[in-house]
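Everything on this sheet refers to the single structure shown next.
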Amino acid sequence: MGFLIFAAIVLLAFLGTPLFAVIGLGALLAFHFAEIDPAAIFIELYRVTSNPTLVAIPLFTFAGFILANGKTPERLTALSQAFFGGFTGGVPMVVLAACAFFTAFTGASGVTIIALGGLLYPLMLKEKYSKNFSLGLMTSSGSLGLLFPPSIPLILYALVAQVNVDQLFLAGIVPGTVMILIVGAYSVVRSKSLKITKKPFHWDQALRSLREAIWEIPLPFIILFGIYGGIITVAEAAAVTVVYVIVVESFIYKDLHPFQDLPRIMRESMVLVGTILIILGTAMGFTNYLIDEQIPMQLLEFMKQYIHDPLTFLIALNVFLLLVGCMMDIFSAIIVVVPLIVPIAKSFDINMVHLGIIFLTNLEIGYSTPPVGINLFIASSRFNEPILQLYRSALPFLGLRIMGLLAITYLPVLSLFLPNLFRP
């Protein structure tokens, strides 16, 4: 009987039933058979929603969508091109910088590919970069900003794993920069091999683009200095960000109409937030059942038969998370998988902040990993190219990012240097 119910739930998932419904049904049935009051699910949902950090998720998401719907992509691209375009590999660096900025604020790499793809992909082709290289770079760059604050996955991991979000924000900066530098170095080498002509640097163009983007440039610094200067909390920083981008985009640049565009953007952004929150509530309820039944402990005992040291555990973890990153979106993966691996990682004395960066790095790579990485399909649709073309284009960048993943995994200092430096 139990097997048939499990099979039916799996079938519902494959038929396209929303993930929250699948998880919620699984949790309710599990509690029923264990003779536990199903009200535990709703109690857990209340506990999650009462967390003061949670309010940062809808606010930062709304701010990111405002930026994506205004003309910030054009201004940011022009600024990056003015300052980086004169260097070898300058245009790929424009792509990396612009995509990292946008993904950090939206938390959704697909939004970055859609918002910036129409600007940056034609720019690369115009500068004589090959189609394969341009497609691979755009597809891979879409998720590069997930490690930079105020990325929504960072906040969500902090909530689920009960880690200090301020420490996690700091921890992602160096690993995120390492990833960009690895891809950037490869781009410079490819630019030299393709004999891409460098454009001379023009001060007037640089100053003009700087003036045009002058209101958007300070945004990341306002957030970081506000939080780590002890002036505002993460939730307050999110509120400040929303007010700031509304004023800038609606009243200074006048890209958006405050009464026509903002309600529409709010609805669009809250669809994503609602998806995250309802999955979070049902999944945390289901996690309570798994903990009550000591499932993580049973997994730990099983793994200890084959894994006896942290190094082997991290190797197995990376392989597992790459597969998870292919099959699930990052928000669902954090909510469902993190509660299972945290007790196991603690048994091997893995730092929880370091684990978070490893986890998110794996998932951002999974976004563009064949055969089912979601960014491959988004890019295929956005650039009107066959999916097999995207597979071929993404493979070199996949290898580069796995090199970065190995460095981040086995050199904890990359993740822990800044949190230790600014530890109160």
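Following the order of the structure tokens, first chain is A, next is B, and so on, with residues numbered from 1 inside each chain and ligands from 1 in the order they appear.
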
Worksheet entry | Residue neighbourhood Ile378 (chain A), 12 Å, only C-alpha atoms, exclusion window fewer than 6 positions, as a PyMOL selection string | chain A and resi 108-115+117+135+138-140+142+367-368+372+384-387+390

I'd like the neighbourhood of region 63-75 of chain A as a PDB file with C-alpha atoms, in the first residue's frame, where a residue qualifies if any of its atoms comes within 9 Å (using only C-alpha atoms), though same-chain residues fewer than 5 positions away should be ignored.
ATOM      1  CA  PRO A  58       9.793  39.614  -1.497  1.00  0.00           C
ATOM      2  CA  SER A  80      30.521  48.190 -18.675  1.00  0.00           C
ATOM      3  CA  ALA A  98      26.181  42.921 -16.201  1.00  0.00           C
ATOM      4  CA  PHE A 102      21.321  41.484 -12.340  1.00  0.00           C
ATOM      5  CA  THR A 103      21.230  37.932 -11.028  1.00  0.00           C
ATOM      6  CA  ALA A 104      22.379  39.128  -7.597  1.00  0.00           C
ATOM      7  CA  PHE A 105      19.297  41.343  -7.371  1.00  0.00           C
ATOM      8  CA  THR A 106      16.679  39.177  -9.069  1.00  0.00           C
ATOM      9  CA  GLY A 107      17.896  35.813  -7.711  1.00  0.00           C
ATOM     10  CA  VAL A 111      15.268  36.608 -15.798  1.00  0.00           C
ATOM     11  CA  THR A 112      18.836  37.786 -16.447  1.00  0.00           C
ATOM     12  CA  ALA A 115      16.409  40.787 -19.807  1.00  0.00           C
ATOM     13  CA  LEU A 116      20.016  41.083 -20.997  1.00  0.00           C
ATOM     14  CA  LEU A 119      21.406  43.415 -25.642  1.00  0.00           C
ATOM     15  CA  SER A 209      27.858  56.374 -19.407  1.00  0.00           C
ATOM     16  CA  LEU A 210      28.975  57.024 -15.823  1.00  0.00           C
ATOM     17  CA  GLU A 212      23.750  58.066 -17.024  1.00  0.00           C
ATOM     18  CA  ALA A 213      24.155  55.199 -14.526  1.00  0.00           C
ATOM     19  CA  GLU A 216      22.318  52.787 -10.016  1.00  0.00           C
ATOM     20  CA  ALA A 238      15.655  45.264   1.438  1.00  0.00           C
ATOM     21  CA  THR A 241      16.481  49.064  -1.745  1.00  0.00           C
ATOM     22  CA  VAL A 242      12.842  48.955  -2.866  1.00  0.00           C
ATOM     23  CA  VAL A 243      12.241  52.620  -2.013  1.00  0.00           C
ATOM     24  CA  TYR A 244      15.516  53.614  -3.684  1.00  0.00           C
ATOM     25  CA  VAL A 245      14.865  51.794  -6.974  1.00  0.00           C
ATOM     26  CA  ILE A 246      11.260  53.033  -7.143  1.00  0.00           C
ATOM     27  CA  GLU A 249      13.384  54.308 -11.923  1.00  0.00           C
ATOM     28  CA  SER A 250      10.047  56.124 -11.624  1.00  0.00           C
ATOM     29  CA  TYR A 253      14.971  58.282 -14.874  1.00  0.00           C
ATOM     30  CA  LYS A 254      11.182  58.040 -15.462  1.00  0.00           C
ATOM     31  CA  ASP A 255      11.592  54.613 -17.097  1.00  0.00           C
ATOM     32  CA  LEU A 256       8.504  53.313 -15.321  1.00  0.00           C
ATOM     33  CA  ASP A 261       3.979  49.769 -14.408  1.00  0.00           C
ATOM     34  CA  LEU A 262       4.736  49.202 -10.716  1.00  0.00           C
ATOM     35  CA  ILE A 265       5.755  44.389 -11.862  1.00  0.00           C
ATOM     36  CA  MET A 266       4.707  43.761  -8.280  1.00  0.00           C
ATOM     37  CA  GLU A 268       4.883  39.394 -11.599  1.00  0.00           C
ATOM     38  CA  SER A 269       7.520  39.369  -8.867  1.00  0.00           C
TER      39      SER A 269
END

Discussion item. Using only C-alpha atoms, which protein or nucleic acid residues come within 8 Å of region 155-164 of chain A? Drop anything in the same chain fewer than 4 positions from it, and give the result as an NGL selection string.
Written reply: :A and (53-54 or 56-57 or 150-151 or 168 or 331 or 334-335 or 338-339 or 342 or 352-353 or 356)

Discussion item. Taking only C-alpha atoms into account, name the residue in A:Ile217, A:Leu170, A:Ile279, A:Leu147 that is nearest to Phe417 (chain A).
Written reply: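 For Phe417 (chain A), the nearest of the candidates is A:Leu170.
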
Item to complete: Please provide as a list in words all residues within 7 Å of Phe348 (chain A), with the sequence filter that same-chain residues fewer than 3 positions apart are discarded (counting only C-alpha atoms).
Response: Asp309, Pro310, Ile344 and Ala345 of chain A

Write a file of the selected residues as an mmCIF file, in the first residue's frame, keeping C-alpha atoms.
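As written to disk, out_4.cif reads:
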data_model
loop_
_atom_site.group_PDB
_atom_site.id
_atom_site.type_symbol
_atom_site.label_atom_id
_atom_site.label_comp_id
_atom_site.auth_asym_id
_atom_site.auth_seq_id
_atom_site.Cartn_x
_atom_site.Cartn_y
_atom_site.Cartn_z
ATOM 1 C CA ASP A 309 36.314 11.338 5.897
ATOM 2 C CA PRO A 310 35.244 14.879 4.938
ATOM 3 C CA ILE A 344 25.420 14.777 7.749
ATOM 4 C CA ALA A 345 27.734 17.711 6.995
#

Worksheet item: Out of region 199-309 of chain A, which residues get helix (DSSP H, G or I) from DSSP, as a VMD selection string?
Response: chain A and resid 203 to 212 219 to 228 234 to 252 261 to 292 295 to 304

Counting only C-alpha atoms, what is within 12 Å of Ile307 (chain A), bar same-chain residues fewer than 5 positions away, as a PDB file with N, CA and C atoms, in the first residue's frame?
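part24.pdb written:
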ATOM      1  N   LEU A 299      20.279   8.073   7.070  1.00  0.00           N
ATOM      2  CA  LEU A 299      21.147   8.361   5.924  1.00  0.00           C
ATOM      3  C   LEU A 299      22.596   8.476   6.352  1.00  0.00           C
ATOM      4  N   LEU A 300      22.803   9.142   7.499  1.00  0.00           N
ATOM      5  CA  LEU A 300      24.165   9.309   8.012  1.00  0.00           C
ATOM      6  C   LEU A 300      24.800   7.954   8.318  1.00  0.00           C
ATOM      7  N   GLU A 301      24.051   7.081   8.974  1.00  0.00           N
ATOM      8  CA  GLU A 301      24.590   5.765   9.293  1.00  0.00           C
ATOM      9  C   GLU A 301      24.900   4.971   8.031  1.00  0.00           C
ATOM     10  N   PHE A 302      24.029   5.101   7.030  1.00  0.00           N
ATOM     11  CA  PHE A 302      24.262   4.403   5.764  1.00  0.00           C
ATOM     12  C   PHE A 302      25.523   4.928   5.080  1.00  0.00           C
ATOM     13  N   THR A 312      36.035  12.681   1.085  1.00  0.00           N
ATOM     14  CA  THR A 312      35.168  11.788   0.312  1.00  0.00           C
ATOM     15  C   THR A 312      33.719  12.258   0.358  1.00  0.00           C
ATOM     16  N   PHE A 313      33.293  12.749   1.530  1.00  0.00           N
ATOM     17  CA  PHE A 313      31.929  13.266   1.648  1.00  0.00           C
ATOM     18  C   PHE A 313      31.701  14.430   0.695  1.00  0.00           C
ATOM     19  N   LEU A 314      32.662  15.343   0.607  1.00  0.00           N
ATOM     20  CA  LEU A 314      32.495  16.509  -0.260  1.00  0.00           C
ATOM     21  C   LEU A 314      32.468  16.111  -1.739  1.00  0.00           C
ATOM     22  N   ILE A 315      33.269  15.106  -2.096  1.00  0.00           N
ATOM     23  CA  ILE A 315      33.232  14.607  -3.483  1.00  0.00           C
ATOM     24  C   ILE A 315      31.837  14.069  -3.800  1.00  0.00           C
ATOM     25  N   ALA A 316      31.314  13.214  -2.912  1.00  0.00           N
ATOM     26  CA  ALA A 316      29.983  12.640  -3.124  1.00  0.00           C
ATOM     27  C   ALA A 316      28.913  13.732  -3.127  1.00  0.00           C
ATOM     28  N   LEU A 317      29.079  14.717  -2.243  1.00  0.00           N
ATOM     29  CA  LEU A 317      28.112  15.815  -2.157  1.00  0.00           C
ATOM     30  C   LEU A 317      28.073  16.614  -3.456  1.00  0.00           C
ATOM     31  N   ILE A 344      24.305  15.601   8.221  1.00  0.00           N
ATOM     32  CA  ILE A 344      25.420  14.777   7.749  1.00  0.00           C
ATOM     33  C   ILE A 344      26.689  15.610   7.663  1.00  0.00           C
ATOM     34  N   ALA A 345      26.564  16.828   7.111  1.00  0.00           N
ATOM     35  CA  ALA A 345      27.734  17.711   6.995  1.00  0.00           C
ATOM     36  C   ALA A 345      28.285  18.073   8.375  1.00  0.00           C
ATOM     37  N   SER A 347      28.251  16.236  10.976  1.00  0.00           N
ATOM     38  CA  SER A 347      28.960  15.078  11.524  1.00  0.00           C
ATOM     39  C   SER A 347      30.389  14.995  11.002  1.00  0.00           C
ATOM     40  N   PHE A 348      30.638  15.598   9.838  1.00  0.00           N
ATOM     41  CA  PHE A 348      31.993  15.634   9.280  1.00  0.00           C
ATOM     42  C   PHE A 348      32.686  16.969   9.560  1.00  0.00           C
TER      43      PHE A 348
END

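Distances from A:Ser130, A:Ser141, A:Thr77, A:Asn375 to Leu96 (chain A) were compared using only C-alpha atoms, and the smallest one belongs to A:Ser141.
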
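In this structure, CA of Asp37 (chain A) sits 29.4 Å away from CA of Met328 (chain A).
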
Worksheet entry | Two-atom distance - CA of Ala82 (chain A), CA of Leu146 (chain A) (Å) | 25.0 Å

Discussion item. Can you pull out the residues contacting Ala394 (chain A)? Cut-off 9 Å, using only C-alpha atoms, and skip same-chain residues under 3 positions away; I want them as a PyMOL selection string.
Written reply: chain A and resi 132-133+135-137+139-140+368-370+376+389-391+397-399

Could those residues be written to a file, using N, CA and C atoms, as a PDB file, in the first residue's frame?
ATOM      1  N   ASN A 132      29.021  29.917 -31.033  1.00  0.00           N
ATOM      2  CA  ASN A 132      29.170  28.943 -29.952  1.00  0.00           C
ATOM      3  C   ASN A 132      29.653  29.600 -28.672  1.00  0.00           C
ATOM      4  N   PHE A 133      30.708  30.412 -28.797  1.00  0.00           N
ATOM      5  CA  PHE A 133      31.271  31.076 -27.619  1.00  0.00           C
ATOM      6  C   PHE A 133      30.245  32.025 -27.010  1.00  0.00           C
ATOM      7  N   LEU A 135      26.897  32.054 -27.229  1.00  0.00           N
ATOM      8  CA  LEU A 135      25.794  31.336 -26.594  1.00  0.00           C
ATOM      9  C   LEU A 135      26.224  30.714 -25.266  1.00  0.00           C
ATOM     10  N   GLY A 136      27.406  30.092 -25.259  1.00  0.00           N
ATOM     11  CA  GLY A 136      27.895  29.462 -24.032  1.00  0.00           C
ATOM     12  C   GLY A 136      28.118  30.465 -22.922  1.00  0.00           C
ATOM     13  N   LEU A 137      28.685  31.622 -23.274  1.00  0.00           N
ATOM     14  CA  LEU A 137      28.954  32.640 -22.261  1.00  0.00           C
ATOM     15  C   LEU A 137      27.655  33.202 -21.700  1.00  0.00           C
ATOM     16  N   THR A 139      24.667  31.814 -21.624  1.00  0.00           N
ATOM     17  CA  THR A 139      23.946  30.793 -20.860  1.00  0.00           C
ATOM     18  C   THR A 139      24.585  30.576 -19.489  1.00  0.00           C
ATOM     19  N   SER A 140      25.909  30.541 -19.453  1.00  0.00           N
ATOM     20  CA  SER A 140      26.615  30.291 -18.193  1.00  0.00           C
ATOM     21  C   SER A 140      26.602  31.511 -17.282  1.00  0.00           C
ATOM     22  N   SER A 368      23.046  25.246 -15.940  1.00  0.00           N
ATOM     23  CA  SER A 368      23.478  25.177 -17.345  1.00  0.00           C
ATOM     24  C   SER A 368      24.182  23.855 -17.659  1.00  0.00           C
ATOM     25  N   THR A 369      23.823  22.795 -16.910  1.00  0.00           N
ATOM     26  CA  THR A 369      24.405  21.476 -17.132  1.00  0.00           C
ATOM     27  C   THR A 369      23.477  20.625 -17.987  1.00  0.00           C
ATOM     28  N   PRO A 370      23.958  20.110 -19.136  1.00  0.00           N
ATOM     29  CA  PRO A 370      23.122  19.211 -19.950  1.00  0.00           C
ATOM     30  C   PRO A 370      22.804  17.934 -19.172  1.00  0.00           C
ATOM     31  N   LEU A 376      19.630  26.250 -20.131  1.00  0.00           N
ATOM     32  CA  LEU A 376      19.831  25.804 -21.516  1.00  0.00           C
ATOM     33  C   LEU A 376      18.550  25.970 -22.325  1.00  0.00           C
ATOM     34  N   GLN A 389      22.555  22.722 -29.862  1.00  0.00           N
ATOM     35  CA  GLN A 389      23.549  23.781 -30.039  1.00  0.00           C
ATOM     36  C   GLN A 389      23.951  24.375 -28.687  1.00  0.00           C
ATOM     37  N   LEU A 390      22.965  24.540 -27.824  1.00  0.00           N
ATOM     38  CA  LEU A 390      23.248  25.064 -26.479  1.00  0.00           C
ATOM     39  C   LEU A 390      24.085  24.082 -25.672  1.00  0.00           C
ATOM     40  N   TYR A 391      23.821  22.764 -25.822  1.00  0.00           N
ATOM     41  CA  TYR A 391      24.632  21.764 -25.127  1.00  0.00           C
ATOM     42  C   TYR A 391      26.108  21.929 -25.500  1.00  0.00           C
ATOM     43  N   PHE A 397      32.341  25.971 -20.783  1.00  0.00           N
ATOM     44  CA  PHE A 397      32.109  26.790 -19.592  1.00  0.00           C
ATOM     45  C   PHE A 397      31.746  25.925 -18.398  1.00  0.00           C
ATOM     46  N   LEU A 398      31.085  24.795 -18.658  1.00  0.00           N
ATOM     47  CA  LEU A 398      30.793  23.856 -17.578  1.00  0.00           C
ATOM     48  C   LEU A 398      32.083  23.330 -16.965  1.00  0.00           C
ATOM     49  N   GLY A 399      33.057  22.971 -17.818  1.00  0.00           N
ATOM     50  CA  GLY A 399      34.348  22.494 -17.314  1.00  0.00           C
ATOM     51  C   GLY A 399      35.057  23.558 -16.492  1.00  0.00           C
TER      52      GLY A 399
END

Worksheet item: With only C-alpha atoms as the basis for distance, which of A:Pro122, A:Gly229, A:Pro419, A:Pro200 is at the shortest distance from Val165 (chain A)?
Response: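 So, comparing all the options, the nearest one is A:Pro419.
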
Discussion item. Measuring between only C-alpha atoms, which one of A:Leu29, A:Ile214, A:Ala379, A:Ile182 shows the shortest distance to Ala407 (chain A)?
Written reply: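 Using only C-alpha atoms, the shortest distance to Ala407 (chain A) belongs to A:Ile182.
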
Worksheet item: Just how far from CA of Gly89 (chain A) is CA of Leu194 (chain A), in Å to one decimal?
Response: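 Atom-to-atom, CA of Leu194 (chain A) to CA of Gly89 (chain A), that is 10.3 Å.
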
Discussion item. So that I can see what lies close to Pro412 (chain A), please list as an MDAnalysis selection string the residues with an atom at most 10 Å from it, counting only C-alpha atoms and leaving out residues fewer than 6 positions away in the same chain.
Written reply: chainID A and resid 171 175 350:351 353:355 357:358

Using the selection just defined, write its residues with C-alpha atoms as a PDB file, in the first residue's frame.
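Now in part_15.pdb:
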ATOM      1  CA  ALA A 171      31.064  34.375   2.317  1.00  0.00           C
ATOM      2  CA  PRO A 175      33.972  32.564  -4.394  1.00  0.00           C
ATOM      3  CA  ILE A 350      31.860  20.988   7.681  1.00  0.00           C
ATOM      4  CA  ASN A 351      31.311  24.682   8.404  1.00  0.00           C
ATOM      5  CA  VAL A 353      28.558  28.827   5.944  1.00  0.00           C
ATOM      6  CA  HIS A 354      31.082  27.010   3.747  1.00  0.00           C
ATOM      7  CA  LEU A 355      28.475  24.308   3.061  1.00  0.00           C
ATOM      8  CA  ILE A 357      28.514  28.352  -0.663  1.00  0.00           C
ATOM      9  CA  ILE A 358      29.312  24.823  -1.909  1.00  0.00           C
TER      10      ILE A 358
END
